[in-house]
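A quick write-up on the structure given underneath.
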Amino acid sequence: MSEKVIVKNIIKIFGSKPKLALKKLQAGWSKEKILKHTGQTVGVNNISFSVTEGEFFVIMGLSGSGKSTLIRCLNLLTKPTSGEIIVDGENIVKYDKNQLRNFRQKKVAMVFQNFGLLTHRTVLANVEYGLEIRNVDKEERRKIAQAALESVGLKGWENKMPNELSGGMQQRVGLARALANDPDILLMDEPFSALDPLIRREMQLELLEIQSKLKKTIIFITHDINEAFRLGDRVVVMKDGEIVQQGTPEEILNHPSDGYIEDFVKSIDRTKVIQVKHIMQKPNALISLKDGVRMAIREMQENSISSVFVVDKNRVLEGIVTIDDCVEAVKNNHFSLKELLRHDYYQAHEDDYIENLLENATKSKYPIVVLDDDQRLLGIIVRTSILSGLLPNNNVNL
Amino acid sequence: MNTFPEFFQIDLGIYIEAFVNWLTLHFQGFFNILTTIIKWIVFNIQNIIGIIPWFLWILLIFLCGWKIKNWKSGLSYSLMIFLIGLLGLWNEMIFTLSIVITAVILSIIIGIPIGIYMSYHPRLETWIHPLLDGMQTMPSFVYLIPAMIFFGLGTVPAVFATIIYSTPPCIRLTNLAIKRVPKEMREAAYSFGSSRWQVLTKVELPQAMPTIMAGINQTTMMAMSMVVVSSMIGAKGLGENVLIAINRSDIAMGFNSGISIVFLAIIIDRMTQMISQKYDNI
Ligand SMILES: Nc1ncnc2c1ncn2[C@@H]1O[C@H](COP(=O)(O)OP(=O)(O)OP(=O)(O)O)[C@@H](O)[C@H]1O
Ligand SMILES: [Mg+2]
């Protein structure tokens, strides 16, 4: 995969004398010292990273850590004081006015925290905005905008005004407006922070779905570690304008680089990040119907388990038998497994989050089965593996 | 009594006078062109207003009032304008109206761009603001003097003085409105690659419209209030009648023309106000 965006040593200093502050910064002054002596604020200090094409790249950090400053550098709403931003091999910081407009019209689109919708325009006219300023003709932009609205589930709302919509719907309009432009790169500055948790969840899922279809390069900002780990292929953690750690959610979760990240990771609700596929295991024993009761008993004894799953030759699940039933059957000279099959187990999908499993896990007498769409058995989850998956210091292969 | 020492006194006015004289001397051609333009506008507006027969006017006013509020307001406005006719002041009203409309149009043409420009250049604001304050608090009579010197007597200096007096609210509210456009909205527009002009016409002006309309309403009202004053330099219209009534101590005549001005002002005020409220609903 190719590098879509390369950010090299970006520094942004706010104030009237940025060059002076830059010199001091390069001379090794701390940001506090610079602020005190020159009155200049270092918003972002020497940041480098790269994003590959089609990647979901998340920038995370607490309030004031410079996330917005950084993402705004990527479409030059904020011009970096020094450093390079290479997009498709071109340094966009060097762009003149027309190149910049062209870049913004074609390559990037931004979704804003407070939506940034034009309240004097209808929903449809908002979504058309990007196309309108590119002089796309009326018919065509209407068609594109309508399709974009449909893709975010807002068909039928075209002629409403933005403030007639709920927050979640307004942000869908914001997203549709960005998508209508068909940019390579989507910049999203805390797009879901203003939404309530339930809506936020829904929007996250939808965004992932849209991403799996459209394969945009997404640079996404959040201060919520759960959101970051749930969405991001890779995550950058920022603090005071600098990068503290970058890596996949797994790397960060398992190897926090310092105490700051550790604290962050502790606050994560692991049930919302860890999926079934991360903790499921291959069953030690499996039997098929033709194996018979005796074989079933032997398998269970050898593996010291009290129940075993029964599958056919394609691993399609048929049911579960327990050791007690089998022993009872042998006593009564019944040797067919078929009558002993039970079906009161719980099942899960490998992409489920274990948050949704917890309740069933406590109720279930048997391990939870993980099935694919054709009812084939992929693995099982025993209660202890859920618990150990939740322990913060336990490495999980996310 | 203690008096201020005489040798300390200066006369600021003479410098202004010298400046005005200098202007008249060197910019005569310019003022002539202005005179022609203003005369032309007033003349045409007067013709347009005058070509519509009086009963149609009454009907129009009724319909407008009905459309923007309800039939009762429509009825009361048309009654007011009918009464002006009954008082024998119809022609005077048309003169007054054409001066006011000309002044307002020119005030808008001058005021809105200045207001926009100011909002893009905050430093400019620090000295334009006091200037605007001054223009509004200066007794309006004072403007008559340079207006008269530049343009002589009649309609044109009246329009000129009215413009100076009534432009400030238009500038002020345009400036305020543009500055109040939410930052994120403007940034969203820029982030899609809008040019400055596109941001202005597609985002800032539509967003600012309700406030700008309020400014235009104020401008119109101030222009109305200048009507009486400007009649002192020979502008025809309702103000002229007031002036004559004052000179003759003619209470009846003074009342007739006074009440006509009030009616006209009410109608214009309500109509422009309601237009601005219409915009507010977006
Ligand atoms: N236009 C500006 N002028 C001066 N200082 C600024 C400006 N924008 C941001 N800063 C400063 O830069 C630092 C980083 O701000 P930034 O908005 O990037 O943080 P953030 O991580 O996005 O925070 P939040 O989560 O609150 O949005 C802050 O100290 C802020 O005060
Ligand atoms: Mg921010």
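Just so we're on the same page: first chain in the structure tokens is A, next is B, and so on; residues restart at 1 for each chain, and ligands are numbered from 1 in the order they show up.
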
- Interface list for chain A, partner chain B, 9 Å threshold, only C-alpha atoms, as a count of residues only: 32

- Judged by only C-alpha atoms, the minimum distance to Thr174 in chain B among B:Leu153, B:Ile94, B:Ile268, B:Ile114 is found for B:Ile114

- Could you tell me, counting only C-alpha atoms and all ligand atoms, which protein and nucleic acid residues lie no more than 9 Å from ligand 2, written as a VMD selection string? chain A and resid 63 to 69 71 113 189 to 190 221 to 223

- Query: Separation of CA of Met203 in chain A and CA of Leu149 in chain A, in Å?
  - Reply: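 Going from CA of Met203 in chain A over to CA of Leu149 in chain A, I get 14.3 Å.
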
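The shell of residues at most 12 Å from Glu206 in chain A, with only C-alpha atoms counted and near chain neighbours (fewer than 3 positions) removed, consists of Ser151, Val152, Gly153, Gly168, Gln171, Arg172, Leu175, Phe192, Ile199, Arg200, Arg201, Glu202, Met203, Glu209, Ile210, Gln211, Ser212, Lys213 and Leu231 of chain A.
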
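CA of Asp344 in chain A to CA of Val273 in chain A spans 27.5 Å [interatomic distance, one decimal].
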
- Contacts of range 51-56 of chain B within 10 Å, only C-alpha atoms, excl. fewer than 5 positions in-chain, as a list in words: Ile45, Gln46, Ile61, Phe62, Ser78, Ile81, Phe82, Gly85 and Trp90 of chain B

Could you give me, as an mmCIF file with C-alpha atoms, in the first residue's frame, each residue of range 115-333 of chain A that DSSP assigns to helix (DSSP H, G or I) when run on this structure's backbone?
data_model
loop_
_atom_site.group_PDB
_atom_site.id
_atom_site.type_symbol
_atom_site.label_atom_id
_atom_site.label_comp_id
_atom_site.auth_asym_id
_atom_site.auth_seq_id
_atom_site.Cartn_x
_atom_site.Cartn_y
_atom_site.Cartn_z
ATOM 1 C CA VAL A 123 -30.174 19.848 3.719
ATOM 2 C CA LEU A 124 -29.840 19.109 0.029
ATOM 3 C CA ALA A 125 -28.311 22.507 -0.731
ATOM 4 C CA ASN A 126 -25.816 21.938 2.075
ATOM 5 C CA VAL A 127 -24.724 18.650 0.579
ATOM 6 C CA GLU A 128 -24.471 20.290 -2.829
ATOM 7 C CA TYR A 129 -22.230 23.052 -1.532
ATOM 8 C CA GLY A 130 -18.884 21.485 -2.406
ATOM 9 C CA LEU A 131 -20.060 20.657 -5.914
ATOM 10 C CA GLU A 132 -21.635 24.057 -6.380
ATOM 11 C CA LYS A 138 -27.234 21.705 -11.371
ATOM 12 C CA GLU A 139 -28.729 18.419 -12.497
ATOM 13 C CA GLU A 140 -25.619 16.458 -11.762
ATOM 14 C CA ARG A 141 -24.911 17.912 -8.365
ATOM 15 C CA ARG A 142 -28.482 17.285 -7.330
ATOM 16 C CA LYS A 143 -28.093 13.659 -8.316
ATOM 17 C CA ILE A 144 -24.791 13.244 -6.483
ATOM 18 C CA ALA A 145 -26.071 15.003 -3.377
ATOM 19 C CA GLN A 146 -29.165 12.873 -3.287
ATOM 20 C CA ALA A 147 -27.102 9.718 -3.537
ATOM 21 C CA ALA A 148 -24.828 10.932 -0.741
ATOM 22 C CA LEU A 149 -27.813 11.671 1.472
ATOM 23 C CA GLU A 150 -29.198 8.256 0.761
ATOM 24 C CA SER A 151 -25.908 6.622 1.712
ATOM 25 C CA PRO A 162 -30.579 21.848 9.182
ATOM 26 C CA ASN A 163 -31.938 23.134 12.482
ATOM 27 C CA GLU A 164 -35.056 21.031 12.061
ATOM 28 C CA GLY A 167 -27.736 16.383 16.214
ATOM 29 C CA GLY A 168 -27.090 12.934 14.853
ATOM 30 C CA MET A 169 -28.907 13.725 11.659
ATOM 31 C CA GLN A 170 -27.104 17.029 11.286
ATOM 32 C CA GLN A 171 -23.790 15.243 11.462
ATOM 33 C CA ARG A 172 -25.019 12.806 8.836
ATOM 34 C CA VAL A 173 -25.603 15.822 6.640
ATOM 35 C CA GLY A 174 -22.058 16.943 7.440
ATOM 36 C CA LEU A 175 -20.783 13.535 6.446
ATOM 37 C CA ALA A 176 -22.893 13.437 3.285
ATOM 38 C CA ARG A 177 -21.606 16.873 2.341
ATOM 39 C CA ALA A 178 -18.054 15.612 2.651
ATOM 40 C CA LEU A 179 -18.768 12.382 0.765
ATOM 41 C CA ALA A 180 -20.594 14.147 -2.058
ATOM 42 C CA PRO A 197 -23.584 8.027 23.450
ATOM 43 C CA LEU A 198 -26.209 5.885 21.769
ATOM 44 C CA ILE A 199 -26.272 7.958 18.608
ATOM 45 C CA ARG A 200 -22.518 8.060 18.690
ATOM 46 C CA ARG A 201 -22.312 4.277 18.666
ATOM 47 C CA GLU A 202 -24.664 4.099 15.763
ATOM 48 C CA MET A 203 -22.689 6.677 13.800
ATOM 49 C CA GLN A 204 -19.431 4.851 14.480
ATOM 50 C CA LEU A 205 -20.836 1.666 13.055
ATOM 51 C CA GLU A 206 -22.186 3.480 10.055
ATOM 52 C CA LEU A 207 -18.898 5.189 9.441
ATOM 53 C CA LEU A 208 -17.111 1.824 9.522
ATOM 54 C CA GLU A 209 -19.629 0.474 7.083
ATOM 55 C CA ILE A 210 -19.198 3.432 4.741
ATOM 56 C CA GLN A 211 -15.447 3.060 5.045
ATOM 57 C CA SER A 212 -15.531 -0.621 4.135
ATOM 58 C CA LYS A 213 -17.466 0.295 1.002
ATOM 59 C CA LEU A 214 -15.691 3.452 -0.109
ATOM 60 C CA ILE A 225 -9.977 6.169 23.778
ATOM 61 C CA ASN A 226 -12.800 3.707 23.291
ATOM 62 C CA GLU A 227 -13.770 5.418 20.077
ATOM 63 C CA ALA A 228 -10.147 5.575 18.983
ATOM 64 C CA PHE A 229 -9.505 1.885 19.517
ATOM 65 C CA ARG A 230 -12.790 0.814 18.086
ATOM 66 C CA LEU A 231 -12.369 2.743 14.843
ATOM 67 C CA PRO A 249 -4.653 -0.373 19.070
ATOM 68 C CA GLU A 250 -3.160 -3.741 19.979
ATOM 69 C CA GLU A 251 0.359 -2.363 20.292
ATOM 70 C CA ILE A 252 -0.776 0.533 22.405
ATOM 71 C CA LEU A 253 -3.002 -1.588 24.589
ATOM 72 C CA ASN A 254 -0.347 -4.202 25.213
ATOM 73 C CA GLY A 259 2.768 6.112 32.360
ATOM 74 C CA TYR A 260 0.642 8.640 30.502
ATOM 75 C CA ILE A 261 -0.542 6.074 27.995
ATOM 76 C CA GLU A 262 -0.918 3.494 30.722
ATOM 77 C CA ASP A 263 -3.349 5.780 32.508
ATOM 78 C CA PHE A 264 -5.199 6.271 29.273
ATOM 79 C CA VAL A 265 -5.381 2.575 28.569
ATOM 80 C CA LYS A 266 -6.627 1.878 32.065
ATOM 81 C CA ARG A 270 -12.085 -3.329 27.291
ATOM 82 C CA THR A 271 -15.466 -4.929 26.754
ATOM 83 C CA LYS A 272 -16.070 -2.324 24.079
ATOM 84 C CA VAL A 276 -15.130 -12.377 20.217
ATOM 85 C CA LYS A 277 -12.495 -13.355 17.701
ATOM 86 C CA HIS A 278 -9.773 -12.095 20.011
ATOM 87 C CA ILE A 279 -10.624 -14.399 22.864
ATOM 88 C CA LEU A 289 -23.155 -37.838 15.582
ATOM 89 C CA LYS A 290 -21.857 -41.123 14.212
ATOM 90 C CA ASP A 291 -19.211 -41.280 16.956
ATOM 91 C CA GLY A 292 -21.801 -42.483 19.439
ATOM 92 C CA VAL A 293 -22.190 -42.059 23.170
ATOM 93 C CA ARG A 294 -19.169 -44.026 24.341
ATOM 94 C CA MET A 295 -16.830 -42.041 22.157
ATOM 95 C CA ALA A 296 -18.376 -38.861 23.531
ATOM 96 C CA ILE A 297 -17.788 -39.941 27.106
ATOM 97 C CA ARG A 298 -14.183 -40.816 26.374
ATOM 98 C CA GLU A 299 -13.529 -37.462 24.709
ATOM 99 C CA MET A 300 -14.960 -35.605 27.677
ATOM 100 C CA GLN A 301 -13.047 -37.629 30.211
ATOM 101 C CA GLU A 302 -9.765 -37.240 28.378
ATOM 102 C CA ILE A 323 -21.435 -36.025 30.356
ATOM 103 C CA ASP A 324 -24.361 -36.651 32.735
ATOM 104 C CA ASP A 325 -26.759 -37.352 29.864
ATOM 105 C CA CYS A 326 -24.260 -39.682 28.228
ATOM 106 C CA VAL A 327 -23.590 -41.686 31.389
ATOM 107 C CA GLU A 328 -27.329 -41.955 31.988
ATOM 108 C CA ALA A 329 -27.856 -43.145 28.406
ATOM 109 C CA VAL A 330 -25.179 -45.817 28.663
ATOM 110 C CA LYS A 331 -26.830 -47.108 31.838
#

So that I can check the secondary structure, give me every residue of range 50-181 of chain A assigned strand (DSSP E) by backbone DSSP, as a CSV table (one decimal) with N, CA, C and O atoms, in the first residue's frame.
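Dumped to out-v5.csv:
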chain,number,residue,atom,x,y,z
A,50,SER,N,2.8,9.1,9.1
A,50,SER,CA,2.3,8.9,7.7
A,50,SER,C,1.1,8.0,7.7
A,50,SER,O,0.9,7.2,8.6
A,51,VAL,N,0.3,8.2,6.8
A,51,VAL,CA,-1.0,7.5,6.7
A,51,VAL,C,-1.0,6.8,5.3
A,51,VAL,O,-0.7,7.5,4.3
A,52,THR,N,-1.3,5.5,5.3
A,52,THR,CA,-1.4,4.8,4.1
A,52,THR,C,-2.8,5.0,3.4
A,52,THR,O,-3.7,5.3,4.1
A,56,PHE,N,-7.7,3.9,8.2
A,56,PHE,CA,-8.5,4.6,9.2
A,56,PHE,C,-7.5,5.0,10.3
A,56,PHE,O,-7.1,4.2,11.1
A,57,PHE,N,-7.1,6.3,10.3
A,57,PHE,CA,-6.0,6.8,11.1
A,57,PHE,C,-6.6,7.7,12.2
A,57,PHE,O,-7.3,8.6,11.9
A,58,VAL,N,-6.4,7.3,13.5
A,58,VAL,CA,-7.1,8.1,14.5
A,58,VAL,C,-6.0,8.9,15.3
A,58,VAL,O,-5.0,8.4,15.7
A,59,ILE,N,-6.3,10.2,15.6
A,59,ILE,CA,-5.5,11.0,16.4
A,59,ILE,C,-6.2,11.2,17.7
A,59,ILE,O,-7.4,11.7,17.7
A,60,MET,N,-5.6,10.8,18.8
A,60,MET,CA,-6.3,10.9,20.1
A,60,MET,C,-5.5,11.8,21.1
A,60,MET,O,-4.3,11.8,21.0
A,61,GLY,N,-6.2,12.4,22.0
A,61,GLY,CA,-5.5,13.2,23.0
A,61,GLY,C,-6.5,14.0,23.8
A,61,GLY,O,-7.7,14.2,23.4
A,82,SER,N,6.3,25.6,10.4
A,82,SER,CA,7.4,24.9,9.6
A,82,SER,C,7.0,23.5,9.5
A,82,SER,O,6.2,22.9,10.2
A,83,GLY,N,7.7,22.8,8.6
A,83,GLY,CA,7.4,21.4,8.3
A,83,GLY,C,6.8,21.2,7.0
A,83,GLY,O,6.4,22.1,6.3
A,84,GLU,N,6.7,19.9,6.6
A,84,GLU,CA,6.1,19.6,5.3
A,84,GLU,C,5.0,18.6,5.4
A,84,GLU,O,4.9,17.8,6.4
A,85,ILE,N,4.0,18.8,4.5
A,85,ILE,CA,2.9,17.8,4.5
A,85,ILE,C,2.8,17.3,3.0
A,85,ILE,O,2.5,18.1,2.1
A,86,ILE,N,3.2,16.1,2.9
A,86,ILE,CA,3.2,15.6,1.5
A,86,ILE,C,1.9,14.7,1.3
A,86,ILE,O,1.7,13.8,2.0
A,87,VAL,N,1.1,15.2,0.3
A,87,VAL,CA,0.0,14.4,-0.1
A,87,VAL,C,0.1,14.0,-1.5
A,87,VAL,O,0.4,14.8,-2.4
A,90,GLU,N,3.1,15.6,-3.2
A,90,GLU,CA,3.3,17.0,-3.3
A,90,GLU,C,3.2,17.7,-2.0
A,90,GLU,O,2.4,17.3,-1.1
A,91,ASN,N,4.1,18.6,-1.8
A,91,ASN,CA,4.1,19.3,-0.5
A,91,ASN,C,3.1,20.4,-0.5
A,91,ASN,O,3.2,21.5,-1.1
A,108,VAL,N,-9.5,16.7,-0.4
A,108,VAL,CA,-9.9,16.5,1.1
A,108,VAL,C,-11.2,17.1,1.3
A,108,VAL,O,-11.7,18.0,0.7
A,109,ALA,N,-11.9,16.5,2.3
A,109,ALA,CA,-13.1,17.1,2.8
A,109,ALA,C,-13.1,17.0,4.3
A,109,ALA,O,-12.5,16.0,4.9
A,110,MET,N,-13.7,17.9,5.0
A,110,MET,CA,-13.6,17.9,6.5
A,110,MET,C,-15.0,17.8,7.1
A,110,MET,O,-16.0,18.4,6.5
A,111,VAL,N,-15.1,17.1,8.2
A,111,VAL,CA,-16.3,17.0,8.9
A,111,VAL,C,-16.1,17.6,10.3
A,111,VAL,O,-15.0,17.3,10.9

- For Gly154 in chain B, please output as a ChimeraX atom specification all residues within 8 Å (counting only C-alpha atoms; exclusion window: fewer than 3 positions along the same chain). /B:157-158,233-236

Using only C-alpha atoms, which residues sit within 7 Å of Gln273 in chain B once same-chain residues fewer than 3 positions away are excluded, as a PDB file with N, CA and C atoms, in the first residue's frame?
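Writing the result to around_16.pdb gives the following:
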ATOM      1  N   ALA B 214     -32.133  44.767   9.276  1.00  0.00           N
ATOM      2  CA  ALA B 214     -32.421  45.644  10.413  1.00  0.00           C
ATOM      3  C   ALA B 214     -31.683  46.960  10.248  1.00  0.00           C
ATOM      4  N   ASN B 217     -33.484  49.050   7.757  1.00  0.00           N
ATOM      5  CA  ASN B 217     -34.651  49.640   8.410  1.00  0.00           C
ATOM      6  C   ASN B 217     -34.267  50.913   9.179  1.00  0.00           C
ATOM      7  N   ASP B 269     -41.580  51.935   8.035  1.00  0.00           N
ATOM      8  CA  ASP B 269     -40.938  51.204   9.125  1.00  0.00           C
ATOM      9  C   ASP B 269     -41.487  49.789   9.223  1.00  0.00           C
ATOM     10  N   ARG B 270     -42.803  49.663   9.267  1.00  0.00           N
ATOM     11  CA  ARG B 270     -43.391  48.330   9.437  1.00  0.00           C
ATOM     12  C   ARG B 270     -43.023  47.412   8.288  1.00  0.00           C
ATOM     13  N   SER B 276     -37.326  42.217   7.279  1.00  0.00           N
ATOM     14  CA  SER B 276     -36.165  41.706   8.008  1.00  0.00           C
ATOM     15  C   SER B 276     -36.555  40.545   8.922  1.00  0.00           C
ATOM     16  N   GLN B 277     -37.779  40.563   9.432  1.00  0.00           N
ATOM     17  CA  GLN B 277     -38.203  39.421  10.245  1.00  0.00           C
ATOM     18  C   GLN B 277     -38.385  38.163   9.398  1.00  0.00           C
TER      19      GLN B 277
END

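The neighbours of Asn45 in chain A here are the residues that come within 8 Å of it, using only C-alpha atoms and leaving out any residue fewer than 5 positions away in the same chain; they are Asn9, Ile10, Ile11, Lys12, Gly241 and Glu242 of chain A.
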
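Among A:Leu165, A:Leu337, A:Leu22, A:Met238, the residue with the shortest atom-to-atom distance to ligand 1, counting only C-alpha atoms and all ligand atoms, is A:Met238.
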